$ cat coords_35.cif   # mmCIF, C-alpha atoms
data_upload
loop_
_atom_site.group_PDB
_atom_site.id
_atom_site.type_symbol
_atom_site.label_atom_id
_atom_site.label_comp_id
_atom_site.auth_asym_id
_atom_site.auth_seq_id
_atom_site.Cartn_x
_atom_site.Cartn_y
_atom_site.Cartn_z
ATOM 1 C CA MET V 1 -6.370 10.647 -21.065
ATOM 2 C CA THR V 2 -9.979 10.046 -22.176
ATOM 3 C CA THR V 3 -13.000 12.017 -20.991
ATOM 4 C CA HIS V 4 -14.247 8.837 -19.319
ATOM 5 C CA ALA V 5 -11.038 8.584 -17.277
ATOM 6 C CA ASN V 6 -11.220 12.281 -16.398
ATOM 7 C CA TRP V 7 -14.646 11.723 -14.851
ATOM 8 C CA TRP V 8 -13.291 8.963 -12.646
ATOM 9 C CA TYR V 9 -10.319 11.091 -11.628
ATOM 10 C CA GLY V 10 -12.708 13.888 -10.694
ATOM 11 C CA GLY V 11 -14.884 11.485 -8.728
ATOM 12 C CA VAL V 12 -12.052 10.087 -6.647
ATOM 13 C CA LEU V 13 -10.728 13.600 -5.932
ATOM 14 C CA VAL V 14 -14.148 14.669 -4.650
ATOM 15 C CA LEU V 15 -14.341 11.559 -2.458
ATOM 16 C CA LEU V 16 -10.844 12.274 -1.175
ATOM 17 C CA VAL V 17 -11.665 15.850 -0.151
ATOM 18 C CA LEU V 18 -14.956 14.864 1.521
ATOM 19 C CA THR V 19 -13.322 12.001 3.425
ATOM 20 C CA VAL V 20 -10.468 14.242 4.639
ATOM 21 C CA LEU V 21 -13.022 16.734 5.980
ATOM 22 C CA LEU V 22 -14.984 13.955 7.691
ATOM 23 C CA ALA V 23 -11.802 12.471 9.185
ATOM 24 C CA LEU V 24 -10.897 15.883 10.634
ATOM 25 C CA MET V 25 -14.214 16.091 12.452
ATOM 26 C CA ALA V 26 -15.028 12.482 13.379
ATOM 27 C CA GLY V 27 -13.553 10.568 16.299
ATOM 28 C CA THR V 28 -14.168 9.862 19.967
ATOM 29 C CA VAL V 29 -15.140 13.542 20.145
ATOM 30 C CA TRP V 30 -16.993 15.208 17.250
ATOM 31 C CA ILE V 31 -15.424 18.529 16.272
ATOM 32 C CA GLY V 32 -17.567 20.571 13.919
ATOM 33 C CA PRO V 33 -16.251 22.703 11.038
ATOM 34 C CA ALA V 34 -16.573 25.903 13.091
ATOM 35 C CA GLN V 35 -14.582 24.373 15.954
ATOM 36 C CA VAL V 36 -11.861 23.219 13.555
ATOM 37 C CA LEU V 37 -11.495 26.747 12.180
ATOM 38 C CA ARG V 38 -11.605 28.261 15.664
ATOM 39 C CA ALA V 39 -8.840 25.889 16.802
ATOM 40 C CA LEU V 40 -6.477 27.577 14.330
ATOM 41 C CA GLY V 41 -6.382 30.626 16.570
ATOM 42 C CA GLU V 42 -6.322 28.726 19.858
ATOM 43 C CA PRO V 43 -3.134 26.606 19.918
ATOM 44 C CA ASN V 44 -3.586 25.798 23.608
ATOM 45 C CA SER V 45 -7.130 24.470 23.254
ATOM 46 C CA GLN V 46 -8.125 20.822 23.419
ATOM 47 C CA ALA V 47 -9.603 21.051 19.918
ATOM 48 C CA PHE V 48 -6.259 22.233 18.527
ATOM 49 C CA VAL V 49 -4.409 19.335 20.153
ATOM 50 C CA THR V 50 -6.972 16.825 18.905
ATOM 51 C CA VAL V 51 -7.003 18.107 15.321
ATOM 52 C CA PHE V 52 -3.390 19.098 14.739
ATOM 53 C CA SER V 53 -1.529 16.645 16.961
ATOM 54 C CA LEU V 54 -3.695 13.562 16.522
ATOM 55 C CA ARG V 55 -5.991 13.677 13.505
ATOM 56 C CA ILE V 56 -3.924 15.494 10.871
ATOM 57 C CA PRO V 57 -0.862 13.214 11.284
ATOM 58 C CA ARG V 58 -3.173 10.211 11.088
ATOM 59 C CA ILE V 59 -4.895 11.521 7.962
ATOM 60 C CA LEU V 60 -1.628 12.304 6.172
ATOM 61 C CA SER V 61 -0.186 8.908 7.135
ATOM 62 C CA SER V 62 -3.279 7.100 5.859
ATOM 63 C CA LEU V 63 -3.150 8.956 2.556
ATOM 64 C CA ILE V 64 0.529 8.305 1.850
ATOM 65 C CA CYS V 65 0.310 4.660 2.975
ATOM 66 C CA GLY V 66 -2.736 3.931 0.840
ATOM 67 C CA GLY V 67 -1.193 5.539 -2.234
ATOM 68 C CA SER V 68 2.109 3.723 -1.713
ATOM 69 C CA LEU V 69 0.539 0.288 -1.247
ATOM 70 C CA ALA V 70 -1.749 0.692 -4.260
ATOM 71 C CA VAL V 71 1.114 1.715 -6.549
ATOM 72 C CA ALA V 72 3.302 -1.086 -5.175
ATOM 73 C CA GLY V 73 0.591 -3.602 -6.064
ATOM 74 C CA ALA V 74 0.200 -2.186 -9.569
ATOM 75 C CA LEU V 75 3.965 -2.433 -10.170
ATOM 76 C CA PHE V 76 4.096 -6.038 -8.966
ATOM 77 C CA GLN V 77 1.163 -6.966 -11.187
ATOM 78 C CA ALA V 78 2.875 -5.376 -14.182
ATOM 79 C CA VAL V 79 6.107 -7.293 -13.583
ATOM 80 C CA PHE V 80 4.573 -10.676 -12.740
ATOM 81 C CA ARG V 81 1.675 -10.290 -15.232
ATOM 82 C CA ASN V 82 -0.581 -11.517 -12.473
ATOM 83 C CA PRO V 83 -3.644 -9.531 -11.287
ATOM 84 C CA ILE V 84 -3.391 -10.654 -7.655
ATOM 85 C CA ALA V 85 0.373 -10.206 -7.237
ATOM 86 C CA ASP V 86 0.974 -7.845 -4.332
ATOM 87 C CA PRO V 87 3.715 -7.399 -1.690
ATOM 88 C CA SER V 88 1.279 -8.253 1.099
ATOM 89 C CA ILE V 89 0.063 -11.549 -0.365
ATOM 90 C CA LEU V 90 3.530 -12.568 -1.612
ATOM 91 C CA GLY V 91 5.140 -12.429 1.834
ATOM 92 C CA ILE V 92 7.232 -9.291 1.387
ATOM 93 C CA SER V 93 5.317 -7.187 3.911
ATOM 94 C CA ALA V 94 5.323 -10.046 6.431
ATOM 95 C CA ALA V 95 9.083 -10.493 6.010
ATOM 96 C CA ALA V 96 9.635 -6.756 6.510
ATOM 97 C CA ASP V 97 7.491 -6.848 9.664
ATOM 98 C CA PHE V 98 9.409 -9.848 11.029
ATOM 99 C CA PHE V 99 12.829 -8.319 10.403
ATOM 100 C CA LYS V 100 11.644 -5.017 11.908
ATOM 101 C CA LEU V 101 10.659 -6.831 15.102
ATOM 102 C CA GLY V 102 13.967 -8.706 15.130
ATOM 103 C CA GLY V 103 15.842 -5.429 14.760
ATOM 104 C CA ALA V 104 13.923 -3.884 17.670
ATOM 105 C CA MET V 105 14.990 -6.785 19.877
ATOM 106 C CA LEU V 106 18.590 -7.319 18.705
ATOM 107 C CA LEU V 107 19.751 -3.971 17.291
ATOM 108 C CA PRO V 108 18.071 -1.214 19.327
ATOM 109 C CA TRP V 109 21.096 1.063 18.787
ATOM 110 C CA LEU V 110 20.929 1.010 14.963
ATOM 111 C CA PRO V 111 20.018 4.407 13.412
ATOM 112 C CA GLY V 112 16.889 4.184 11.261
ATOM 113 C CA ARG V 113 16.534 0.637 12.535
ATOM 114 C CA ASN V 114 12.920 -0.018 11.554
ATOM 115 C CA TRP V 115 13.326 1.013 7.927
ATOM 116 C CA VAL V 116 16.738 -0.637 7.500
ATOM 117 C CA MET V 117 15.626 -3.961 8.944
ATOM 118 C CA ALA V 118 12.304 -3.885 7.098
ATOM 119 C CA MET V 119 14.183 -3.282 3.849
ATOM 120 C CA VAL V 120 16.459 -6.246 4.569
ATOM 121 C CA GLY V 121 13.401 -8.402 5.169
ATOM 122 C CA GLY V 122 11.796 -7.238 1.944
ATOM 123 C CA LEU V 123 14.951 -8.024 -0.023
ATOM 124 C CA VAL V 124 15.201 -11.487 1.520
ATOM 125 C CA ALA V 125 11.579 -12.292 0.624
ATOM 126 C CA LEU V 126 11.971 -10.888 -2.881
ATOM 127 C CA ALA V 127 15.130 -12.969 -3.449
ATOM 128 C CA ILE V 128 13.308 -16.139 -2.389
ATOM 129 C CA LEU V 129 10.264 -15.252 -4.467
ATOM 130 C CA THR V 130 12.197 -14.641 -7.680
ATOM 131 C CA SER V 131 14.417 -17.719 -7.450
ATOM 132 C CA GLY V 132 13.451 -21.166 -8.664
ATOM 133 C CA ARG V 133 10.401 -21.876 -10.810
ATOM 134 C CA ALA V 134 7.825 -19.632 -9.126
ATOM 135 C CA LEU V 135 8.028 -17.024 -11.893
ATOM 136 C CA ALA V 136 7.182 -19.576 -14.601
ATOM 137 C CA ASN V 137 3.611 -20.123 -13.426
ATOM 138 C CA PRO V 138 1.106 -17.716 -11.818
ATOM 139 C CA TYR V 139 -0.250 -20.437 -9.545
ATOM 140 C CA TRP V 140 3.224 -21.345 -8.238
ATOM 141 C CA LEU V 141 3.999 -17.696 -7.669
ATOM 142 C CA ILE V 142 0.955 -17.189 -5.454
ATOM 143 C CA ILE V 143 1.463 -20.499 -3.624
ATOM 144 C CA VAL V 144 5.108 -19.680 -2.880
ATOM 145 C CA GLY V 145 4.110 -16.166 -1.837
ATOM 146 C CA VAL V 146 1.368 -17.388 0.515
ATOM 147 C CA ALA V 147 3.802 -19.909 2.008
ATOM 148 C CA LEU V 148 6.363 -17.143 2.536
ATOM 149 C CA ASP V 149 3.749 -14.946 4.166
ATOM 150 C CA ALA V 150 2.625 -17.725 6.528
ATOM 151 C CA THR V 151 6.239 -18.555 7.395
ATOM 152 C CA PHE V 152 7.204 -15.000 8.313
ATOM 153 C CA VAL V 153 3.943 -14.393 10.197
ATOM 154 C CA GLY V 154 4.621 -17.557 12.203
ATOM 155 C CA LEU V 155 8.209 -16.519 12.878
ATOM 156 C CA GLN V 156 7.016 -13.103 14.008
ATOM 157 C CA GLN V 157 4.552 -14.668 16.430
ATOM 158 C CA LEU V 158 7.313 -16.871 17.849
ATOM 159 C CA LEU V 159 9.667 -13.930 18.196
ATOM 160 C CA SER V 160 7.051 -11.657 19.727
ATOM 161 C CA SER V 161 5.782 -14.193 22.256
ATOM 162 C CA GLY V 162 8.065 -12.690 24.893
ATOM 163 C CA ALA V 163 8.328 -9.205 23.463
ATOM 164 C CA THR V 164 6.499 -6.111 24.605
ATOM 165 C CA THR V 165 6.588 -4.367 21.216
ATOM 166 C CA ILE V 166 4.298 -5.923 18.628
ATOM 167 C CA SER V 167 3.115 -4.319 15.403
ATOM 168 C CA HIS V 168 -0.668 -3.987 15.183
ATOM 169 C CA SER V 169 -0.744 -2.315 11.769
ATOM 170 C CA THR V 170 -2.721 0.690 12.903
ATOM 171 C CA PHE V 171 -2.444 4.447 12.491
ATOM 172 C CA ASN V 172 -3.419 5.035 16.097
ATOM 173 C CA GLY V 173 -0.716 6.861 18.031
ATOM 174 C CA LEU V 174 1.387 7.935 15.058
ATOM 175 C CA THR V 175 3.373 11.076 15.800
ATOM 176 C CA TRP V 176 4.408 13.926 13.545
ATOM 177 C CA GLU V 177 7.858 12.304 13.405
ATOM 178 C CA ASP V 178 6.337 9.086 12.054
ATOM 179 C CA THR V 179 4.229 11.049 9.591
ATOM 180 C CA THR V 180 7.214 13.039 8.357
ATOM 181 C CA THR V 181 9.154 9.818 7.790
ATOM 182 C CA LEU V 182 6.268 8.351 5.822
ATOM 183 C CA LEU V 183 5.862 11.505 3.755
ATOM 184 C CA ILE V 184 9.545 11.682 2.831
ATOM 185 C CA LEU V 185 9.804 7.990 1.933
ATOM 186 C CA GLY V 186 6.419 7.821 0.244
ATOM 187 C CA VAL V 187 6.573 11.019 -1.811
ATOM 188 C CA LEU V 188 10.041 10.089 -3.071
ATOM 189 C CA GLY V 189 8.916 6.608 -4.139
ATOM 190 C CA LEU V 190 5.646 7.769 -5.679
ATOM 191 C CA ALA V 191 7.388 10.513 -7.650
ATOM 192 C CA VAL V 192 9.795 7.959 -9.112
ATOM 193 C CA ALA V 193 6.863 5.624 -9.909
ATOM 194 C CA LEU V 194 5.073 8.332 -11.885
ATOM 195 C CA VAL V 195 8.242 9.126 -13.832
ATOM 196 C CA ILE V 196 8.946 5.521 -14.823
ATOM 197 C CA ALA V 197 5.294 4.509 -15.347
ATOM 198 C CA PRO V 198 5.906 3.992 -19.107
ATOM 199 C CA TRP V 199 8.325 1.189 -18.233
ATOM 200 C CA ALA V 200 5.406 -0.882 -16.915
ATOM 201 C CA ASN V 201 3.749 -0.615 -20.336
ATOM 202 C CA TYR V 202 6.812 -2.193 -21.975
ATOM 203 C CA LEU V 203 6.205 -5.381 -19.988
ATOM 204 C CA LYS V 204 2.941 -5.957 -21.849
ATOM 205 C CA LEU V 205 5.127 -7.290 -24.675
ATOM 206 C CA THR V 206 7.019 -10.569 -24.580
ATOM 207 C CA ASP V 207 10.660 -10.600 -23.511
ATOM 208 C CA SER V 208 11.800 -11.594 -26.996
ATOM 209 C CA ALA V 209 9.881 -8.703 -28.587
ATOM 210 C CA LEU V 210 11.429 -6.244 -26.142
ATOM 211 C CA GLN V 211 14.917 -7.592 -26.755
ATOM 212 C CA ASN V 212 14.427 -7.231 -30.506
ATOM 213 C CA VAL V 213 13.807 -3.503 -30.108
ATOM 214 C CA GLY V 214 16.684 -3.073 -27.672
ATOM 215 C CA VAL V 215 14.718 -2.623 -24.433
ATOM 216 C CA PRO V 216 16.690 -3.842 -21.348
ATOM 217 C CA VAL V 217 14.060 -6.220 -19.986
ATOM 218 C CA SER V 218 15.911 -7.244 -16.813
ATOM 219 C CA VAL V 219 16.692 -3.649 -15.868
ATOM 220 C CA ILE V 220 13.047 -2.619 -16.274
ATOM 221 C CA ARG V 221 11.693 -5.635 -14.422
ATOM 222 C CA TRP V 222 14.046 -5.307 -11.449
ATOM 223 C CA SER V 223 13.654 -1.530 -11.259
ATOM 224 C CA LEU V 224 9.876 -1.865 -10.983
ATOM 225 C CA LEU V 225 10.117 -4.763 -8.527
ATOM 226 C CA LEU V 226 12.560 -2.935 -6.247
ATOM 227 C CA LEU V 227 10.489 0.239 -6.368
ATOM 228 C CA GLY V 228 7.303 -1.659 -5.485
ATOM 229 C CA MET V 229 9.108 -3.408 -2.641
ATOM 230 C CA TYR V 230 10.505 -0.076 -1.398
ATOM 231 C CA LEU V 231 7.030 1.482 -1.282
ATOM 232 C CA ALA V 232 5.478 -1.470 0.553
ATOM 233 C CA VAL V 233 8.387 -1.850 2.975
ATOM 234 C CA SER V 234 8.402 1.870 3.814
ATOM 235 C CA VAL V 235 4.779 1.556 4.941
ATOM 236 C CA THR V 236 5.499 -1.605 6.917
ATOM 237 C CA ALA V 237 8.503 -0.016 8.639
ATOM 238 C CA VAL V 238 6.345 2.682 10.223
ATOM 239 C CA VAL V 239 2.804 1.288 10.387
ATOM 240 C CA GLY V 240 3.046 -2.477 9.889
ATOM 241 C CA ALA V 241 1.767 -4.897 7.256
ATOM 242 C CA ILE V 242 -1.589 -3.899 5.714
ATOM 243 C CA PRO V 243 -3.088 -6.374 3.217
ATOM 244 C CA PHE V 244 -5.104 -6.192 -0.011
ATOM 245 C CA VAL V 245 -4.792 -2.469 -0.869
ATOM 246 C CA GLY V 246 -2.428 -3.369 -3.708
ATOM 247 C CA ILE V 247 -4.868 -5.923 -5.094
ATOM 248 C CA VAL V 248 -8.191 -4.119 -4.766
ATOM 249 C CA VAL V 249 -7.186 -0.685 -6.075
ATOM 250 C CA PRO V 250 -5.164 -1.521 -9.248
ATOM 251 C CA ASN V 251 -7.756 -4.042 -10.426
ATOM 252 C CA ILE V 252 -10.513 -1.462 -10.061
ATOM 253 C CA ALA V 253 -8.282 1.197 -11.652
ATOM 254 C CA ARG V 254 -7.762 -0.894 -14.792
ATOM 255 C CA ARG V 255 -11.513 -1.290 -15.157
ATOM 256 C CA LEU V 256 -12.246 2.407 -14.691
ATOM 257 C CA VAL V 257 -9.402 4.223 -16.494
ATOM 258 C CA GLY V 258 -7.915 1.605 -18.837
ATOM 259 C CA HIS V 259 -4.723 -0.424 -18.936
ATOM 260 C CA ASP V 260 -2.143 2.286 -19.668
ATOM 261 C CA TYR V 261 0.083 2.415 -16.590
ATOM 262 C CA GLN V 262 0.644 6.134 -17.116
ATOM 263 C CA THR V 263 -3.030 6.418 -16.176
ATOM 264 C CA VAL V 264 -3.333 3.413 -13.864
ATOM 265 C CA LEU V 265 -0.528 4.425 -11.494
ATOM 266 C CA PRO V 266 -1.670 7.991 -10.693
ATOM 267 C CA PHE V 267 -5.287 6.852 -10.389
ATOM 268 C CA SER V 268 -4.220 3.989 -8.096
ATOM 269 C CA MET V 269 -2.264 6.459 -5.987
ATOM 270 C CA LEU V 270 -5.337 8.655 -5.464
ATOM 271 C CA ALA V 271 -7.821 5.788 -5.064
ATOM 272 C CA GLY V 272 -5.509 3.938 -2.677
ATOM 273 C CA ALA V 273 -5.117 7.068 -0.561
ATOM 274 C CA TRP V 274 -8.896 7.452 -0.377
ATOM 275 C CA LEU V 275 -9.540 3.778 0.394
ATOM 276 C CA MET V 276 -7.010 3.695 3.231
ATOM 277 C CA LEU V 277 -8.292 6.923 4.761
ATOM 278 C CA ALA V 278 -11.908 5.756 4.451
ATOM 279 C CA ALA V 279 -11.066 2.380 6.040
ATOM 280 C CA ASP V 280 -9.133 3.999 8.889
ATOM 281 C CA THR V 281 -11.831 6.620 9.524
ATOM 282 C CA LEU V 282 -14.529 3.943 9.603
ATOM 283 C CA GLY V 283 -12.390 1.740 11.845
ATOM 284 C CA ARG V 284 -11.883 4.460 14.457
ATOM 285 C CA THR V 285 -15.497 5.647 14.549
ATOM 286 C CA VAL V 286 -17.657 2.538 14.197
ATOM 287 C CA ILE V 287 -17.121 1.299 17.802
ATOM 288 C CA VAL V 288 -16.117 4.464 19.654
ATOM 289 C CA PRO V 289 -14.208 4.716 21.985
ATOM 290 C CA SER V 290 -12.474 1.530 20.775
ATOM 291 C CA GLU V 291 -11.266 1.121 17.213
ATOM 292 C CA ILE V 292 -10.604 -1.471 14.530
ATOM 293 C CA SER V 293 -7.087 -1.473 13.063
ATOM 294 C CA ALA V 294 -6.415 -0.525 9.454
ATOM 295 C CA ALA V 295 -5.124 -4.030 8.711
ATOM 296 C CA THR V 296 -8.334 -5.605 10.002
ATOM 297 C CA MET V 297 -10.498 -3.208 8.023
ATOM 298 C CA MET V 298 -8.609 -3.973 4.814
ATOM 299 C CA ALA V 299 -8.817 -7.713 5.453
ATOM 300 C CA VAL V 300 -12.600 -7.386 5.772
ATOM 301 C CA ILE V 301 -12.764 -5.310 2.568
ATOM 302 C CA GLY V 302 -10.082 -7.038 0.504
ATOM 303 C CA GLY V 303 -10.698 -10.695 1.311
ATOM 304 C CA PRO V 304 -14.182 -10.872 -0.239
ATOM 305 C CA PHE V 305 -12.964 -8.793 -3.207
ATOM 306 C CA VAL V 306 -10.284 -11.361 -4.071
ATOM 307 C CA ILE V 307 -12.723 -14.243 -3.601
ATOM 308 C CA ILE V 308 -15.235 -12.638 -5.975
ATOM 309 C CA LEU V 309 -12.433 -11.809 -8.436
ATOM 310 C CA LEU V 310 -11.350 -15.455 -8.604
ATOM 311 C CA GLN V 311 -14.811 -17.025 -8.368
ATOM 312 C CA ARG V 312 -15.974 -15.058 -11.386
ATOM 313 C CA GLY V 313 -13.096 -16.436 -13.400
ATOM 314 C CA ARG V 314 -11.210 -13.153 -13.602
ATOM 315 C CA GLY V 315 -8.119 -14.403 -11.836
ATOM 316 C CA PHE V 316 -4.856 -15.702 -13.280
ATOM 317 C CA HIS V 317 -5.935 -16.365 -16.850
ATOM 318 C CA GLY V 318 -9.362 -14.737 -16.953
ATOM 319 C CA MET V 319 -8.221 -11.244 -16.093
ATOM 320 C CA SER V 320 -5.242 -9.558 -17.700
ATOM 321 C CA THR V 321 -3.092 -6.800 -16.281
ATOM 322 C CA ARG V 322 -2.298 -5.651 -19.813
#

$ encode --input "coords_35.cif" --output "structure tokens"
Amino acid sequence: MTTHANWWYGGVLVLLVLTVLLALMAGTVWIGPAQVLRALGEPNSQAFVTVFSLRIPRILSSLICGGSLAVAGALFQAVFRNPIADPSILGISAAADFFKLGGAMLLPWLPGRNWVMAMVGGLVALAILTSGRALANPYWLIIVGVALDATFVGLQQLLSSGATTISHSTFNGLTWEDTTTLLILGVLGLAVALVIAPWANYLKLTDSALQNVGVPVSVIRWSLLLLGMYLAVSVTAVVGAIPFVGIVVPNIARRLVGHDYQTVLPFSMLAGAWLMLAADTLGRTVIVPSEISAATMMAVIGGPFVIILLQRGRGFHGMSTR
């Protein structure tokens, strides 16, 4: 890792620590640093309940979700060789959300229902996405993905028209049980991603070049795709679909720390965690006592980013993921 990259790693770590401290204190009620420390010895106080039952689970959930979505986006971009490929824009998150809602209505008795049904939805979307000619052209891939996303969003709206449980893609109200689920699923997936990060570098070469040196191209490609889908779906199963994290963070990461995925993936994990926590903290404090959902905040942040990325000619052909 270069000295330049080390500086950026240090910068994002400092931002992460400062934002965690701010998120602990900020909210409908401001709790100063002294009150946070005092709450440690007063488990029956209102400050303790606010910090340890409400804010800490929300902070941990934001961090793991942001890191997971950013790494998922980086993996998809490596496989598809497309800088705006991401589970949220390609319809995978929307499919997971739709199947999760269907499971809540039709299979309420199923153990681990949300994650199981979200995974089924992700697999269905991925199967549709990787069949046919979409993979042959970056424009077709995005068009098919956007069509998939619109289809599953529409189906979800139809299905939820008479339902009482609708996903709002927010961290508000998450319990320690939800947070524990996210931590287990997310840490497992992120650990695997860091271990197999070199595989993403192999995909910078052509398939024929990889086959000549005996690298199992299909195994690598599908392993990375399934891992990226798993990370995105695990977030959707608990929180809901949150867009653009997987586009914004990896593209910035490649500019700041280079194109080696052994550097890009860990940086994306940290930067994605910070971005999600910052967006959620801003969303819950800017219009107190109401709040703006994480999905809405990321749409406001990510939409203009993608527009600028494409308008400046750094999209499909102008900007490489290599």

$ residues_around --input "coords_35.cif" --residues "Pro33 of chain V" --least-positions-apart "4" --cutoff "12 Å" --atoms "all atoms listed in the file" --output "list in words"
Leu21, Leu22, Ala23, Leu24, Met25, Ala26, Leu37, Arg38, Ala39, Leu40, Ala47 and Val51 of chain V

$ write_last_selection --input "coords_35.cif" --atoms "C-alpha atoms" --output "mmCIF file, in the frame of the given file"
data_model
loop_
_atom_site.group_PDB
_atom_site.id
_atom_site.type_symbol
_atom_site.label_atom_id
_atom_site.label_comp_id
_atom_site.auth_asym_id
_atom_site.auth_seq_id
_atom_site.Cartn_x
_atom_site.Cartn_y
_atom_site.Cartn_z
ATOM 1 C CA LEU V 21 -13.022 16.734 5.980
ATOM 2 C CA LEU V 22 -14.984 13.955 7.691
ATOM 3 C CA ALA V 23 -11.802 12.471 9.185
ATOM 4 C CA LEU V 24 -10.897 15.883 10.634
ATOM 5 C CA MET V 25 -14.214 16.091 12.452
ATOM 6 C CA ALA V 26 -15.028 12.482 13.379
ATOM 7 C CA LEU V 37 -11.495 26.747 12.180
ATOM 8 C CA ARG V 38 -11.605 28.261 15.664
ATOM 9 C CA ALA V 39 -8.840 25.889 16.802
ATOM 10 C CA LEU V 40 -6.477 27.577 14.330
ATOM 11 C CA ALA V 47 -9.603 21.051 19.918
ATOM 12 C CA VAL V 51 -7.003 18.107 15.321
#

$ residues_around --input "coords_35.cif" --residues "Gly246 of chain V" --least-positions-apart "5" --cutoff "10 Å" --atoms "all atoms listed in the file" --output "list in words"
Gly66, Gly67, Ser68, Leu69, Ala70, Val71, Ala72, Gly73, Ala74, Leu75, Phe76, Gln77, Pro83, Ile84, Ala85, Asp86, Pro87, Ser88, Ile89, Ala232, Asn251, Ser268, Gly272 and Gly302 of chain V

$ resolve_selection --input "coords_35.cif" --expression "the PyMOL selection byres ((chain V and resi 56) around 12)" --output "VMD selection string"
chain V and resid 20 to 26 36 48 to 55 57 to 63 171 to 176 179 to 180 277 281

$ atom_distance --input "coords_35.cif" --atom1 "atom CA of Asp260 of chain V" --atom2 "atom CA of Leu126 of chain V"
25.6 Å

$ closest_residue --input "coords_35.cif" --among "V:Gln46, V:Thr28, V:Gln311, V:Ser223" --to "Gly283 of chain V" --atoms "all atoms listed in the file"
V:Thr28

$ atom_distance --input "coords_35.cif" --atom1 "atom CA of Val217 of chain V" --atom2 "atom CA of Phe80 of chain V"
12.7 Å

$ residues_around --input "coords_35.cif" --residues "Ile220 of chain V" --least-positions-apart "4" --cutoff "10 Å" --atoms "all atoms listed in the file" --output "MDAnalysis selection string"
chainID V and resid 79 196 199:200 202:203 215:216 224:225

$ atom_distance --input "coords_35.cif" --atom1 "atom CA of Leu90 of chain V" --atom2 "atom CA of Ile142 of chain V"
6.5 Å

$ closest_atom_pairs --input "coords_35.cif" --of "segment 49-99 of chain V" --to "segment 150-156 of chain V" --cutoff "8 Å" --atoms "all atoms listed in the file" --output "CSV"
residue,atom,partner,partner_atom,distance
V:Gly91,CA,V:Phe152,CA,7.3
V:Ala94,CA,V:Phe152,CA,5.6
V:Ala95,CA,V:Phe152,CA,5.4
V:Asp97,CA,V:Gln156,CA,7.6
V:Phe98,CA,V:Gln156,CA,5.0

$ closest_residue --input "coords_35.cif" --among "V:Ala241, V:Leu227, V:Val146, V:Ala191" --to "Ala118 of chain V" --atoms "only C-alpha atoms"
V:Ala241

$ closest_residue --input "coords_35.cif" --among "V:Leu194, V:Val233, V:Val286, V:Ile242" --to "Thr263 of chain V" --atoms "all atoms listed in the file"
V:Leu194

$ resolve_selection --input "coords_35.cif" --expression "the PyMOL selection byres ((chain V and resi 254) around 10)" --output "number ranges by chain"
V: 74, 249-253, 255-261, 263-265, 267-268, 320-322

$ write_last_selection --input "coords_35.cif" --atoms "C-alpha atoms" --output "compact mmCIF listing (two decimals), in the frame of the given file"
# COMPACT_ATOMS: atom_id res chain seq x y z
CA ALA V 74 0.20 -2.19 -9.57
CA VAL V 249 -7.19 -0.68 -6.08
CA PRO V 250 -5.16 -1.52 -9.25
CA ASN V 251 -7.76 -4.04 -10.43
CA ILE V 252 -10.51 -1.46 -10.06
CA ALA V 253 -8.28 1.20 -11.65
CA ARG V 255 -11.51 -1.29 -15.16
CA LEU V 256 -12.25 2.41 -14.69
CA VAL V 257 -9.40 4.22 -16.49
CA GLY V 258 -7.92 1.60 -18.84
CA HIS V 259 -4.72 -0.42 -18.94
CA ASP V 260 -2.14 2.29 -19.67
CA TYR V 261 0.08 2.42 -16.59
CA THR V 263 -3.03 6.42 -16.18
CA VAL V 264 -3.33 3.41 -13.86
CA LEU V 265 -0.53 4.42 -11.49
CA PHE V 267 -5.29 6.85 -10.39
CA SER V 268 -4.22 3.99 -8.10
CA SER V 320 -5.24 -9.56 -17.70
CA THR V 321 -3.09 -6.80 -16.28
CA ARG V 322 -2.30 -5.65 -19.81

$ resolve_selection --input "coords_35.cif" --expression "the PyMOL selection byres ((chain V and resi 295) around 8)" --output "NGL selection string"
:V and (168-170 or 241-243 or 293-294 or 296-299)
